[in-house]
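**Q** This one is work.pdb, PDB, C-alpha atoms.
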```pdb
ATOM      1  CA  MET Z   2     100.380-111.168  29.014
ATOM      2  CA  ARG Z   3      99.576-110.226  25.425
ATOM      3  CA  THR Z   4     101.707-110.258  22.302
ATOM      4  CA  LEU Z   5     102.668-106.806  21.118
ATOM      5  CA  GLN Z   6     101.849-105.869  17.544
ATOM      6  CA  ARG Z   7     104.471-104.356  15.232
ATOM      7  CA  ASN Z   8     102.972-100.859  15.393
ATOM      8  CA  GLU Z   9     102.969-101.067  19.192
ATOM      9  CA  LEU Z  10     106.642-102.069  19.268
ATOM     10  CA  LYS Z  11     107.447 -99.058  17.112
ATOM     11  CA  GLU Z  12     105.456 -96.782  19.396
ATOM     12  CA  ILE Z  13     107.273 -98.124  22.486
ATOM     13  CA  LEU Z  14     110.681 -97.669  20.860
ATOM     14  CA  ILE Z  15     109.977 -94.076  19.853
ATOM     15  CA  LYS Z  16     108.391 -93.167  23.194
ATOM     16  CA  ASN Z  17     111.394 -94.520  25.090
ATOM     17  CA  TRP Z  18     113.815 -92.823  22.724
ATOM     18  CA  MET Z  19     112.110 -89.457  23.303
ATOM     19  CA  THR Z  20     111.994 -90.083  27.053
ATOM     20  CA  HIS Z  21     115.694 -90.922  27.003
ATOM     21  CA  ASP Z  22     116.330 -87.623  25.199
ATOM     22  CA  ALA Z  23     114.215 -85.806  27.792
ATOM     23  CA  MET Z  24     116.215 -87.403  30.599
ATOM     24  CA  TRP Z  25     119.471 -86.227  29.088
ATOM     25  CA  PHE Z  26     117.934 -82.753  28.932
ATOM     26  CA  TYR Z  27     116.742 -82.913  32.529
ATOM     27  CA  HIS Z  28     119.995 -84.204  34.027
ATOM     28  CA  CYS Z  29     122.040 -81.787  31.941
ATOM     29  CA  LEU Z  30     119.810 -78.942  33.142
ATOM     30  CA  GLN Z  31     120.433 -79.920  36.776
ATOM     31  CA  GLU Z  32     124.175 -80.043  36.140
ATOM     32  CA  CYS Z  33     124.771 -76.881  34.153
ATOM     33  CA  GLY Z  34     121.652 -74.750  33.718
ATOM     34  CA  ILE Z  35     119.410 -73.989  30.789
ATOM     35  CA  GLU Z  36     121.831 -72.026  28.613
ATOM     36  CA  ARG Z  37     124.376 -74.802  28.171
ATOM     37  CA  THR Z  38     121.656 -77.448  28.104
ATOM     38  CA  ASN Z  39     119.986 -75.695  25.172
ATOM     39  CA  LYS Z  40     123.318 -75.580  23.390
ATOM     40  CA  ILE Z  41     124.098 -79.265  23.956
ATOM     41  CA  ASN Z  42     120.552 -80.382  23.133
ATOM     42  CA  LYS Z  43     120.486 -78.536  19.816
ATOM     43  CA  ALA Z  44     123.983 -79.640  18.844
ATOM     44  CA  ALA Z  45     123.259 -83.273  19.739
ATOM     45  CA  VAL Z  46     119.945 -83.463  17.907
ATOM     46  CA  ARG Z  47     121.217 -81.687  14.794
ATOM     47  CA  ALA Z  48     124.262 -83.969  14.606
ATOM     48  CA  MET Z  49     121.975 -86.954  15.103
ATOM     49  CA  GLY Z  50     119.542 -85.758  12.424
ATOM     50  CA  THR Z  51     122.329 -85.406   9.876
ATOM     51  CA  ILE Z  52     123.452 -89.009  10.361
ATOM     52  CA  GLU Z  53     119.901 -90.284  10.828
ATOM     53  CA  ILE Z  54     118.757 -89.233   7.368
ATOM     54  CA  ARG Z  55     121.868 -90.697   5.742
ATOM     55  CA  ARG Z  56     121.209 -94.027   7.435
ATOM     56  CA  ILE Z  57     117.604 -93.944   6.288
ATOM     57  CA  GLN Z  58     118.673 -93.030   2.752
ATOM     58  CA  LYS Z  59     121.143 -95.910   2.759
ATOM     59  CA  ALA Z  60     118.523 -98.354   4.021
ATOM     60  CA  LEU Z  61     116.063 -97.179   1.366
ATOM     61  CA  GLY Z  62     118.645 -97.202  -1.406
ATOM     62  CA  VAL Z  63     118.283 -93.466  -2.022
ATOM     63  CA  GLU Z  64     121.648 -92.100  -3.118
ATOM     64  CA  LYS Z  65     120.806 -88.498  -3.847
ATOM     65  CA  VAL Z  66     117.975 -86.029  -3.361
ATOM     66  CA  ALA Z  67     118.137 -83.988  -6.533
ATOM     67  CA  THR Z  68     114.540 -82.816  -6.994
ATOM     68  CA  PHE Z  69     111.531 -81.899  -4.913
ATOM     69  CA  GLU Z  70     109.914 -85.178  -5.982
ATOM     70  CA  ASP Z  71     112.930 -87.090  -4.609
ATOM     71  CA  PHE Z  72     112.555 -85.121  -1.407
ATOM     72  CA  ARG Z  73     108.820 -85.794  -1.137
ATOM     73  CA  SER Z  74     109.397 -89.497  -1.610
ATOM     74  CA  LEU Z  75     112.193 -89.651   0.979
ATOM     75  CA  LEU Z  76     110.251 -87.527   3.476
ATOM     76  CA  GLU Z  77     107.230 -89.821   3.263
ATOM     77  CA  ALA Z  78     109.378 -92.910   3.778
ATOM     78  CA  THR Z  79     111.271 -91.281   6.656
ATOM     79  CA  TRP Z  80     108.087 -90.157   8.335
ATOM     80  CA  ASP Z  81     106.731 -93.674   8.101
ATOM     81  CA  ILE Z  82     109.781 -94.863  10.066
ATOM     82  CA  VAL Z  83     110.198 -92.162  12.715
ATOM     83  CA  ASN Z  84     106.716 -90.814  13.393
ATOM     84  CA  ALA Z  85     104.694 -91.958  16.386
ATOM     85  CA  ASP Z  86     101.041 -91.296  17.209
ATOM     86  CA  PHE Z  87     101.863 -89.168  20.258
ATOM     87  CA  MET Z  88     103.846 -86.662  18.197
ATOM     88  CA  LYS Z  89     100.784 -84.943  16.667
ATOM     89  CA  VAL Z  90     102.645 -83.193  13.898
ATOM     90  CA  HIS Z  91     101.510 -82.929  10.286
ATOM     91  CA  PHE Z  92     103.658 -82.207   7.286
ATOM     92  CA  SER Z  93     102.302 -80.841   4.047
ATOM     93  CA  LEU Z  94     103.742 -79.546   0.771
ATOM     94  CA  PRO Z  95     101.669 -76.405   0.118
ATOM     95  CA  SER Z  96     103.569 -75.364  -3.009
ATOM     96  CA  GLN Z  97     106.521 -76.380  -5.150
ATOM     97  CA  ASN Z  98     109.739 -76.587  -3.107
ATOM     98  CA  VAL Z  99     107.965 -75.727   0.154
ATOM     99  CA  LEU Z 100     107.454 -77.969   3.173
ATOM    100  CA  ARG Z 101     105.183 -76.988   6.042
ATOM    101  CA  GLY Z 102     105.116 -78.608   9.473
ATOM    102  CA  ASP Z 103     102.208 -77.952  11.854
ATOM    103  CA  PHE Z 104     102.095 -79.098  15.445
ATOM    104  CA  GLU Z 105      98.695 -79.923  16.867
ATOM    105  CA  ARG Z 106     100.463 -80.587  20.177
ATOM    106  CA  CYS Z 107     104.153 -80.719  21.051
ATOM    107  CA  PHE Z 108     105.527 -83.306  23.468
ATOM    108  CA  ALA Z 109     108.704 -81.240  23.940
ATOM    109  CA  TYR Z 110     106.725 -78.123  24.870
ATOM    110  CA  GLU Z 111     104.626 -80.135  27.333
ATOM    111  CA  GLY Z 112     107.670 -81.829  28.896
ATOM    112  CA  ILE Z 113     109.781 -78.681  29.172
ATOM    113  CA  LYS Z 114     106.856 -76.751  30.637
ATOM    114  CA  ARG Z 115     106.532 -79.432  33.322
ATOM    115  CA  ILE Z 116     110.166 -78.976  34.377
ATOM    116  CA  GLY Z 117     109.734 -75.193  34.553
ATOM    117  CA  VAL Z 118     112.112 -73.840  31.902
ATOM    118  CA  ILE Z 119     109.793 -73.171  28.979
ATOM    119  CA  GLU Z 120     110.578 -69.414  29.003
ATOM    120  CA  GLN Z 121     114.225 -70.123  28.243
ATOM    121  CA  TYR Z 122     113.839 -73.266  26.140
ATOM    122  CA  GLN Z 123     115.146 -73.184  22.582
ATOM    123  CA  CYS Z 124     113.351 -75.554  20.246
ATOM    124  CA  GLY Z 125     115.237 -78.759  19.524
ATOM    125  CA  ILE Z 126     112.476 -80.413  17.533
ATOM    126  CA  PHE Z 127     113.073 -78.558  14.296
ATOM    127  CA  GLU Z 128     116.854 -78.865  14.744
ATOM    128  CA  ARG Z 129     116.416 -82.561  14.020
ATOM    129  CA  ILE Z 130     114.573 -81.770  10.798
ATOM    130  CA  TYR Z 131     117.230 -79.201   9.822
ATOM    131  CA  GLY Z 132     119.800 -81.913  10.497
ATOM    132  CA  TRP Z 133     118.015 -84.037   7.880
ATOM    133  CA  PHE Z 134     118.403 -81.239   5.340
ATOM    134  CA  ASP Z 135     122.106 -80.920   6.264
ATOM    135  CA  GLY Z 136     122.453 -84.651   5.689
ATOM    136  CA  MET Z 137     120.668 -84.451   2.347
ATOM    137  CA  GLY Z 138     122.777 -81.442   1.350
ATOM    138  CA  MET Z 139     119.674 -79.305   0.747
ATOM    139  CA  LYS Z 140     119.803 -75.541   0.833
ATOM    140  CA  HIS Z 141     116.807 -74.132   2.679
ATOM    141  CA  SER Z 142     115.317 -71.096   4.355
ATOM    142  CA  VAL Z 143     112.869 -71.143   7.267
ATOM    143  CA  PHE Z 144     109.852 -68.995   8.081
ATOM    144  CA  PRO Z 145     109.328 -67.899  10.784
ATOM    145  CA  GLU Z 146     112.772 -67.963  12.315
ATOM    146  CA  VAL Z 147     112.130 -68.938  15.919
ATOM    147  CA  GLU Z 148     114.719 -69.454  18.629
ATOM    148  CA  GLY Z 149     112.462 -70.148  21.579
ATOM    149  CA  CYS Z 150     109.253 -72.157  21.757
ATOM    150  CA  MET Z 151     106.502 -70.968  19.416
ATOM    151  CA  MET Z 152     103.897 -73.164  21.084
ATOM    152  CA  HIS Z 153     104.600 -71.266  24.314
ATOM    153  CA  THR Z 154     104.646 -67.768  22.820
ATOM    154  CA  ASP Z 155     101.922 -68.141  20.174
ATOM    155  CA  GLY Z 156      99.829 -71.087  21.321
ATOM    156  CA  LYS Z 157     100.523 -72.822  17.995
ATOM    157  CA  CYS Z 158     103.600 -73.956  16.176
ATOM    158  CA  PHE Z 159     104.501 -74.240  12.514
ATOM    159  CA  ARG Z 160     107.376 -73.713  10.105
ATOM    160  CA  GLU Z 161     107.493 -73.265   6.368
ATOM    161  CA  ILE Z 162     110.725 -74.386   4.813
ATOM    162  CA  ALA Z 163     111.626 -73.395   1.266
ATOM    163  CA  PHE Z 164     114.237 -75.346  -0.686
ATOM    164  CA  SER Z 165     116.369 -74.511  -3.660
ATOM    165  CA  PHE Z 166     117.655 -77.231  -5.925
ATOM    166  CA  ASP Z 167     120.776 -76.793  -8.026
ATOM    167  CA  ARG Z 168     120.135 -78.126 -11.501
TER     168      ARG Z 168
ATOM    169  CA  MET P  22     113.112 -89.300 -12.117
ATOM    170  CA  SER P  23     112.711 -90.304  -8.480
ATOM    171  CA  PRO P  24     115.356 -92.670  -7.178
ATOM    172  CA  LYS P  25     114.346 -96.304  -6.903
ATOM    173  CA  ARG P  26     113.253 -96.910  -3.344
ATOM    174  CA  VAL P  27     113.489-100.088  -1.335
ATOM    175  CA  GLU P  28     110.469-101.002   0.794
ATOM    176  CA  LEU P  29     111.582-101.745   4.343
ATOM    177  CA  THR P  30     110.027-104.450   6.490
ATOM    178  CA  ALA P  31     108.721-103.621   9.965
ATOM    179  CA  ARG P  32     111.744-105.413  11.417
ATOM    180  CA  GLN P  33     114.164-103.317   9.371
ATOM    181  CA  LYS P  34     112.384-100.149  10.491
ATOM    182  CA  GLU P  35     112.660-101.209  14.129
ATOM    183  CA  LYS P  36     116.357-101.914  13.669
ATOM    184  CA  LEU P  37     116.852 -98.430  12.227
ATOM    185  CA  LEU P  38     114.937 -96.856  15.116
ATOM    186  CA  ARG P  39     117.031 -98.689  17.708
ATOM    187  CA  ASN P  40     120.247 -97.657  16.007
ATOM    188  CA  ILE P  41     119.236 -94.023  15.604
ATOM    189  CA  TRP P  42     118.119 -93.936  19.249
ATOM    190  CA  LEU P  43     121.608 -95.136  20.228
ATOM    191  CA  LEU P  44     123.133 -92.604  17.877
ATOM    192  CA  HIS P  45     121.170 -89.803  19.574
ATOM    193  CA  ASP P  46     122.272 -91.003  23.016
ATOM    194  CA  GLY P  47     125.853 -91.056  21.744
ATOM    195  CA  ARG P  48     125.598 -87.485  20.404
ATOM    196  CA  TRP P  49     124.312 -86.275  23.814
ATOM    197  CA  PHE P  50     127.303 -87.936  25.447
ATOM    198  CA  LEU P  51     129.822 -86.509  22.962
ATOM    199  CA  LYS P  52     128.420 -82.985  23.130
ATOM    200  CA  SER P  53     128.446 -83.222  26.940
ATOM    201  CA  VAL P  54     132.088 -84.305  26.848
ATOM    202  CA  GLU P  55     132.862 -81.256  24.692
ATOM    203  CA  GLN P  56     131.101 -78.941  27.176
ATOM    204  CA  PHE P  57     132.052 -80.458  30.544
ATOM    205  CA  GLY P  58     134.776 -83.034  30.046
ATOM    206  CA  PHE P  59     134.626 -86.806  30.315
ATOM    207  CA  ASP P  60     134.028 -87.140  34.067
ATOM    208  CA  THR P  61     130.919 -84.959  34.191
ATOM    209  CA  ALA P  62     129.581 -86.430  30.948
ATOM    210  CA  THR P  63     130.011 -89.900  32.470
ATOM    211  CA  THR P  64     128.184 -88.878  35.645
ATOM    212  CA  LEU P  65     125.359 -87.526  33.503
ATOM    213  CA  ASN P  66     125.254 -90.667  31.377
ATOM    214  CA  LEU P  67     125.000 -92.923  34.432
ATOM    215  CA  ALA P  68     122.181 -90.816  35.889
ATOM    216  CA  VAL P  69     120.329 -90.888  32.570
ATOM    217  CA  VAL P  70     120.702 -94.663  32.205
ATOM    218  CA  LYS P  71     119.314 -95.189  35.683
ATOM    219  CA  SER P  72     116.271 -93.066  34.841
ATOM    220  CA  ILE P  73     115.551 -94.491  31.404
ATOM    221  CA  GLY P  74     116.014 -98.063  32.671
ATOM    222  CA  ARG P  75     113.025 -97.684  34.957
ATOM    223  CA  THR P  76     110.921 -96.094  32.252
ATOM    224  CA  GLU P  77     111.675 -98.623  29.528
ATOM    225  CA  MET P  78     110.778-101.567  31.748
ATOM    226  CA  LYS P  79     107.653 -99.935  33.195
ATOM    227  CA  GLN P  80     106.479 -99.132  29.694
ATOM    228  CA  LEU P  81     107.030-102.664  28.459
ATOM    229  CA  LEU P  82     105.212-104.123  31.488
ATOM    230  CA  ALA P  83     102.259-101.823  30.904
ATOM    231  CA  GLU P  84     102.003-102.272  27.142
ATOM    232  CA  SER P  85     102.337-106.047  27.280
ATOM    233  CA  VAL P  86      99.993-106.318  30.294
ATOM    234  CA  PHE P  87     102.622-108.644  31.713
ATOM    235  CA  GLY P  88     101.350-108.612  35.292
ATOM    236  CA  GLU P  89     103.433-109.466  38.306
ATOM    237  CA  VAL P  90     106.879-111.067  37.984
ATOM    238  CA  ARG P  91     106.474-113.924  40.452
ATOM    239  CA  ASN P  92     109.218-116.413  39.681
ATOM    240  CA  MET P  93     112.266-117.169  37.541
ATOM    241  CA  GLN P  94     110.179-118.248  34.568
ATOM    242  CA  ASP P  95     108.392-114.900  34.554
ATOM    243  CA  LEU P  96     111.698-113.085  34.888
ATOM    244  CA  GLN P  97     113.250-115.011  32.020
ATOM    245  CA  ALA P  98     110.247-114.418  29.750
ATOM    246  CA  LEU P  99     110.265-110.701  30.484
ATOM    247  CA  MET P 100     114.029-110.344  30.083
ATOM    248  CA  GLU P 101     113.881-112.094  26.729
ATOM    249  CA  MET P 102     111.098-109.814  25.539
ATOM    250  CA  ALA P 103     112.878-106.682  26.792
ATOM    251  CA  ALA P 104     116.208-107.686  25.282
ATOM    252  CA  LEU P 105     114.639-108.334  21.872
ATOM    253  CA  LEU P 106     112.940-104.972  21.987
ATOM    254  CA  TYR P 107     115.696-102.797  23.399
ATOM    255  CA  PHE P 108     119.058-104.345  22.492
ATOM    256  CA  PRO P 109     120.451-103.865  18.990
ATOM    257  CA  GLU P 110     121.018-106.974  16.892
ATOM    258  CA  GLU P 111     124.780-106.541  17.256
ATOM    259  CA  HIS P 112     124.463-107.283  20.970
ATOM    260  CA  LYS P 113     124.988-111.025  21.513
ATOM    261  CA  TYR P 114     123.928-112.576  24.802
ATOM    262  CA  GLU P 115     122.525-115.677  26.493
ATOM    263  CA  PHE P 116     120.190-115.874  29.464
ATOM    264  CA  LYS P 117     120.291-118.687  31.977
ATOM    265  CA  VAL P 118     118.285-119.568  35.055
ATOM    266  CA  VAL P 119     120.828-120.984  37.501
ATOM    267  CA  ASP P 120     118.499-121.667  40.434
ATOM    268  CA  ASN P 121     115.340-120.265  41.989
ATOM    269  CA  ASN P 122     117.131-117.112  43.043
ATOM    270  CA  THR P 123     119.801-116.645  40.399
ATOM    271  CA  PHE P 124     119.448-115.481  36.828
ATOM    272  CA  VAL P 125     122.472-114.787  34.639
ATOM    273  CA  GLY P 126     122.808-112.683  31.527
ATOM    274  CA  HIS P 127     125.977-113.688  29.740
ATOM    275  CA  VAL P 128     127.080-110.987  27.327
ATOM    276  CA  LEU P 129     129.031-112.540  24.458
ATOM    277  CA  GLU P 130     129.513-109.419  22.327
ATOM    278  CA  CYS P 131     128.630-106.058  23.825
ATOM    279  CA  TYR P 132     127.383-103.258  21.558
ATOM    280  CA  VAL P 133     128.463-100.571  24.018
ATOM    281  CA  HIS P 134     131.959-102.007  24.183
ATOM    282  CA  LYS P 135     132.156-101.973  20.390
ATOM    283  CA  MET P 136     131.189 -98.297  20.233
ATOM    284  CA  VAL P 137     133.544 -97.338  23.060
ATOM    285  CA  SER P 138     136.379 -99.279  21.408
ATOM    286  CA  LYS P 139     135.831 -97.314  18.205
ATOM    287  CA  ALA P 140     135.966 -94.061  20.192
ATOM    288  CA  GLY P 141     139.177 -95.235  21.900
ATOM    289  CA  THR P 142     137.935 -94.440  25.407
ATOM    290  CA  MET P 143     137.800 -97.932  26.941
ATOM    291  CA  ALA P 144     140.221 -97.060  29.732
ATOM    292  CA  ILE P 145     138.016 -94.294  31.133
ATOM    293  CA  HIS P 146     134.499 -95.333  30.106
ATOM    294  CA  ARG P 147     132.171 -96.537  32.869
ATOM    295  CA  CYS P 148     129.792 -99.375  32.061
ATOM    296  CA  ALA P 149     126.169 -98.549  32.882
ATOM    297  CA  ALA P 150     124.762-102.062  32.523
ATOM    298  CA  LYS P 151     124.424-102.733  36.254
ATOM    299  CA  LEU P 152     122.546 -99.459  36.776
ATOM    300  CA  ARG P 153     120.221-100.183  33.862
ATOM    301  CA  PHE P 154     119.381-103.668  35.177
ATOM    302  CA  ASP P 155     119.012-102.386  38.753
ATOM    303  CA  SER P 156     116.397-100.029  37.356
ATOM    304  CA  TRP P 157     114.722-102.827  35.404
ATOM    305  CA  CYS P 158     114.450-104.867  38.638
ATOM    306  CA  GLN P 159     113.014-101.891  40.514
ATOM    307  CA  ALA P 160     110.450-101.377  37.768
ATOM    308  CA  MET P 161     109.514-105.070  38.016
ATOM    309  CA  GLY P 162     109.076-104.640  41.778
ATOM    310  CA  LEU P 163     111.780-107.209  42.550
ATOM    311  CA  ASP P 164     113.846-107.361  45.704
ATOM    312  CA  GLY P 165     117.433-108.339  45.071
ATOM    313  CA  GLU P 166     120.704-107.203  43.609
ATOM    314  CA  VAL P 167     122.442-107.102  40.279
ATOM    315  CA  ILE P 168     126.127-107.974  40.214
ATOM    316  CA  ASN P 169     128.531-107.119  37.425
ATOM    317  CA  GLU P 170     132.147-107.476  38.463
ATOM    318  CA  LYS P 171     133.583-106.020  35.278
ATOM    319  CA  ASP P 172     133.787-102.547  33.823
ATOM    320  CA  THR P 173     134.512-101.324  30.296
ATOM    321  CA  SER P 174     138.239-101.196  30.975
ATOM    322  CA  ASN P 175     138.550-104.892  31.817
ATOM    323  CA  CYS P 176     135.602-106.707  30.203
ATOM    324  CA  ASN P 177     136.918-107.152  26.668
ATOM    325  CA  GLY P 178     133.325-107.000  25.434
ATOM    326  CA  THR P 179     132.022-109.922  27.459
ATOM    327  CA  CYS P 180     130.681-110.205  30.984
ATOM    328  CA  GLU P 181     128.304-111.997  33.295
ATOM    329  CA  ILE P 182     125.513-110.006  34.834
ATOM    330  CA  ILE P 183     124.091-111.868  37.801
ATOM    331  CA  PHE P 184     120.625-111.192  39.173
ATOM    332  CA  LYS P 185     120.158-112.416  42.764
ATOM    333  CA  ILE P 186     116.444-112.250  43.472
ATOM    334  CA  LYS P 187     114.593-112.762  46.780
ATOM    335  CA  TRP P 188     111.052-113.981  46.079
TER     336      TRP P 188
END
```
Let's see the structure in the file written out as structure tokens.

**A**
Amino acid sequence: MRTLQRNELKEILIKNWMTHDAMWFYHCLQECGIERTNKINKAAVRAMGTIEIRRIQKALGVEKVATFEDFRSLLEATWDIVNADFMKVHFSLPSQNVLRGDFERCFAYEGIKRIGVIEQYQCGIFERIYGWFDGMGMKHSVFPEVEGCMMHTDGKCFREIAFSFDR
Amino acid sequence: MSPKRVELTARQKEKLLRNIWLLHDGRWFLKSVEQFGFDTATTLNLAVVKSIGRTEMKQLLAESVFGEVRNMQDLQALMEMAALLYFPEEHKYEFKVVDNNTFVGHVLECYVHKMVSKAGTMAIHRCAAKLRFDSWCQAMGLDGEVINEKDTSNCNGTCEIIFKIKW
């Protein structure tokens, strides 16, 4: 037996969390079909994301996200907590008030494809991120607006999210 | 000016991850209750717990290169490692080896019971602990049974989970 390092513990926790999520999806799908499963998945992850970011803000001592710099700082800290190596997603800030997320691979796409419902799947990954913005109280617009799975339809996946800050 | 940010330790980050994982599980359950009612949501939850139980133990065994669980000492060491990794800090418990075939997990304060109490659904909630530990034993390749005589409605947040193992 070997002692697990801190980064390995984090990786195990996140992998199991995502597997747990996938199992909810799978069992829900068996029970009620893809339409209602999509609805429950997106509602659950968005509600989670909203509370998640508030908990992270509280832990970090961040009361309010008033500027893009505040947002950048919180995003970096959040990503350090919740990102795992297997996720293969990269965030960048290509211009003022714009966030871009690019997926090199997508574990959700791969998992949903395996269970045979990728044609009907509605992305839940970005719902979590949108939940963060709900939790931060940030107004935003998304390009492109995608309901299904972009990795499936386009062979790549990205979003650009533009924010507006009330001064 | 950016808000002053607290630097989190690895342990604090792990605690956050565990709690957000539980939060996500809870949102799946709540959204399922809204869609299907409590009975179906409970059936789904029990099926999901059974599945994730196997995965979380298999993953820990693989990552820690634990090897075969051959006796009570091995079982105790693995249970302690798994509990530290997967149970939130609010969950208070003691493990005890009673004899060569009996291992007991005494739950002193149960985190699930606390959450269910807050939701006010103790009378109808079904405890999934036995199923989770059955799955852990299967993942360890153990022959035996897990006994938990209590359920959420009558446990008052404490219980004894008995592992009877045939070596």

**Q** I'd like to know which of Z:Ser142, Z:Asn17, Z:Gln31, Z:Gln6 is closest to Ile116 in chain Z, using all atoms listed in the file.

**A**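 Of the candidates, the smallest distance to Ile116 in chain Z is held by Z:Gln31.
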
**Q** Quick one: of P:Ser174, P:Thr76, P:Ser85, P:Ser53, who's nearest to Thr4 in chain Z, counting all atoms listed in the file?

**A**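 Counting all atoms listed in the file, the residue closest to Thr4 in chain Z is P:Ser85.
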
**Q** List as a ChimeraX atom specification the residues having at least one atom at most 8 Å from position (122.6, -87.8, 40.4) as given in the file, counting only C-alpha atoms.

**A** /Z:28 /P:64-65,68

**Q** Just so the selection is clear, what residues does the PyMOL selection byres ((chain Z and resi 107) around 9) cover here, as a list in words?

**A**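 For this structure, the PyMOL selection byres ((chain Z and resi 107) around 9) resolves to Phe87, Met88, Lys89, Val90, Phe104, Glu105, Arg106, Phe108, Ala109, Tyr110, Glu111, Gly112, Met152 and Cys158 of chain Z.
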
**Q** Store the residues picked out above, limited to C-alpha atoms, as a PDB file, keeping the file's coordinate frame.

**A**
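Contents of the output file selection31.pdb:
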```pdb
ATOM      1  CA  PHE Z  87     101.863 -89.168  20.258  1.00  0.00           C
ATOM      2  CA  MET Z  88     103.846 -86.662  18.197  1.00  0.00           C
ATOM      3  CA  LYS Z  89     100.784 -84.943  16.667  1.00  0.00           C
ATOM      4  CA  VAL Z  90     102.645 -83.193  13.898  1.00  0.00           C
ATOM      5  CA  PHE Z 104     102.095 -79.098  15.445  1.00  0.00           C
ATOM      6  CA  GLU Z 105      98.695 -79.923  16.867  1.00  0.00           C
ATOM      7  CA  ARG Z 106     100.463 -80.587  20.177  1.00  0.00           C
ATOM      8  CA  PHE Z 108     105.527 -83.306  23.468  1.00  0.00           C
ATOM      9  CA  ALA Z 109     108.704 -81.240  23.940  1.00  0.00           C
ATOM     10  CA  TYR Z 110     106.725 -78.123  24.870  1.00  0.00           C
ATOM     11  CA  GLU Z 111     104.626 -80.135  27.333  1.00  0.00           C
ATOM     12  CA  GLY Z 112     107.670 -81.829  28.896  1.00  0.00           C
ATOM     13  CA  MET Z 152     103.897 -73.164  21.084  1.00  0.00           C
ATOM     14  CA  CYS Z 158     103.600 -73.956  16.176  1.00  0.00           C
TER      15      CYS Z 158
END
```

**Q** Using all atoms listed in the file, tabulate the residues of chain Z lying at most 8 Å from any atom of chain P, each with its closest atom pair and that distance in Å to one decimal, by chain and increasing residue number, as a tab-separated table.

**A**
```
residue	atom	partner	partner_atom	distance
Z:Met2	CA	P:Phe87	CA	4.3
Z:Arg3	CA	P:Ser85	CA	5.3
Z:Thr4	CA	P:Ser85	CA	6.6
Z:Leu5	CA	P:Ser85	CA	6.2
Z:Arg7	CA	P:Ala31	CA	6.8
Z:Leu10	CA	P:Leu106	CA	7.4
Z:Lys11	CA	P:Glu35	CA	6.4
Z:Ile13	CA	P:Gln80	CA	7.3
Z:Leu14	CA	P:Arg39	CA	7.2
Z:Ile15	CA	P:Leu38	CA	7.4
Z:Asn17	CA	P:Glu77	CA	6.1
Z:Trp18	CA	P:Trp42	CA	5.6
Z:Thr20	CA	P:Ile73	CA	7.1
Z:His21	CA	P:Ile73	CA	5.7
Z:Asp22	CA	P:Asp46	CA	7.2
Z:Met24	CA	P:Val69	CA	5.7
Z:Trp25	CA	P:Val69	CA	5.9
Z:His28	CA	P:Leu65	CA	6.3
Z:Cys29	CA	P:Leu65	CA	6.8
Z:Arg37	CA	P:Gln56	CA	8.0
Z:Ile41	CA	P:Lys52	CA	5.8
Z:Asn42	CA	P:Trp49	CA	7.0
Z:Ala44	CA	P:Lys52	CA	7.0
Z:Ala45	CA	P:Arg48	CA	4.9
Z:Val46	CA	P:His45	CA	6.7
Z:Ala48	CA	P:Arg48	CA	6.9
Z:Met49	CA	P:His45	CA	5.4
Z:Glu53	CA	P:Ile41	CA	6.1
Z:Arg56	CA	P:Leu37	CA	7.8
Z:Ile57	CA	P:Leu37	CA	7.5
Z:Ala60	CA	P:Val27	CA	7.6
Z:Leu61	CA	P:Val27	CA	4.7
Z:Gly62	CA	P:Arg26	CA	5.7
Z:Val63	CA	P:Pro24	CA	6.0
Z:Glu64	CA	P:Pro24	CA	7.5
Z:Lys65	CA	P:Pro24	CA	7.6
Z:Thr68	CA	P:Ser23	CA	7.9
Z:Glu70	CA	P:Ser23	CA	6.4
Z:Asp71	CA	P:Ser23	CA	5.0
Z:Ser74	CA	P:Ser23	CA	7.7
Z:Ile82	CA	P:Lys34	CA	5.9
Z:Val83	CA	P:Leu38	CA	7.1
```

**Q** Residues of the last selection are to be written out with C-alpha atoms, as a compact mmCIF listing (two decimals), in the coordinates of the input.

**A**
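This is the output file result.txt:
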```
# COMPACT_ATOMS: atom_id res chain seq x y z
CA MET Z 2 100.38 -111.17 29.01
CA ARG Z 3 99.58 -110.23 25.42
CA THR Z 4 101.71 -110.26 22.30
CA LEU Z 5 102.67 -106.81 21.12
CA ARG Z 7 104.47 -104.36 15.23
CA LEU Z 10 106.64 -102.07 19.27
CA LYS Z 11 107.45 -99.06 17.11
CA ILE Z 13 107.27 -98.12 22.49
CA LEU Z 14 110.68 -97.67 20.86
CA ILE Z 15 109.98 -94.08 19.85
CA ASN Z 17 111.39 -94.52 25.09
CA TRP Z 18 113.82 -92.82 22.72
CA THR Z 20 111.99 -90.08 27.05
CA HIS Z 21 115.69 -90.92 27.00
CA ASP Z 22 116.33 -87.62 25.20
CA MET Z 24 116.22 -87.40 30.60
CA TRP Z 25 119.47 -86.23 29.09
CA HIS Z 28 120.00 -84.20 34.03
CA CYS Z 29 122.04 -81.79 31.94
CA ARG Z 37 124.38 -74.80 28.17
CA ILE Z 41 124.10 -79.26 23.96
CA ASN Z 42 120.55 -80.38 23.13
CA ALA Z 44 123.98 -79.64 18.84
CA ALA Z 45 123.26 -83.27 19.74
CA VAL Z 46 119.94 -83.46 17.91
CA ALA Z 48 124.26 -83.97 14.61
CA MET Z 49 121.98 -86.95 15.10
CA GLU Z 53 119.90 -90.28 10.83
CA ARG Z 56 121.21 -94.03 7.44
CA ILE Z 57 117.60 -93.94 6.29
CA ALA Z 60 118.52 -98.35 4.02
CA LEU Z 61 116.06 -97.18 1.37
CA GLY Z 62 118.64 -97.20 -1.41
CA VAL Z 63 118.28 -93.47 -2.02
CA GLU Z 64 121.65 -92.10 -3.12
CA LYS Z 65 120.81 -88.50 -3.85
CA THR Z 68 114.54 -82.82 -6.99
CA GLU Z 70 109.91 -85.18 -5.98
CA ASP Z 71 112.93 -87.09 -4.61
CA SER Z 74 109.40 -89.50 -1.61
CA ILE Z 82 109.78 -94.86 10.07
CA VAL Z 83 110.20 -92.16 12.72
```
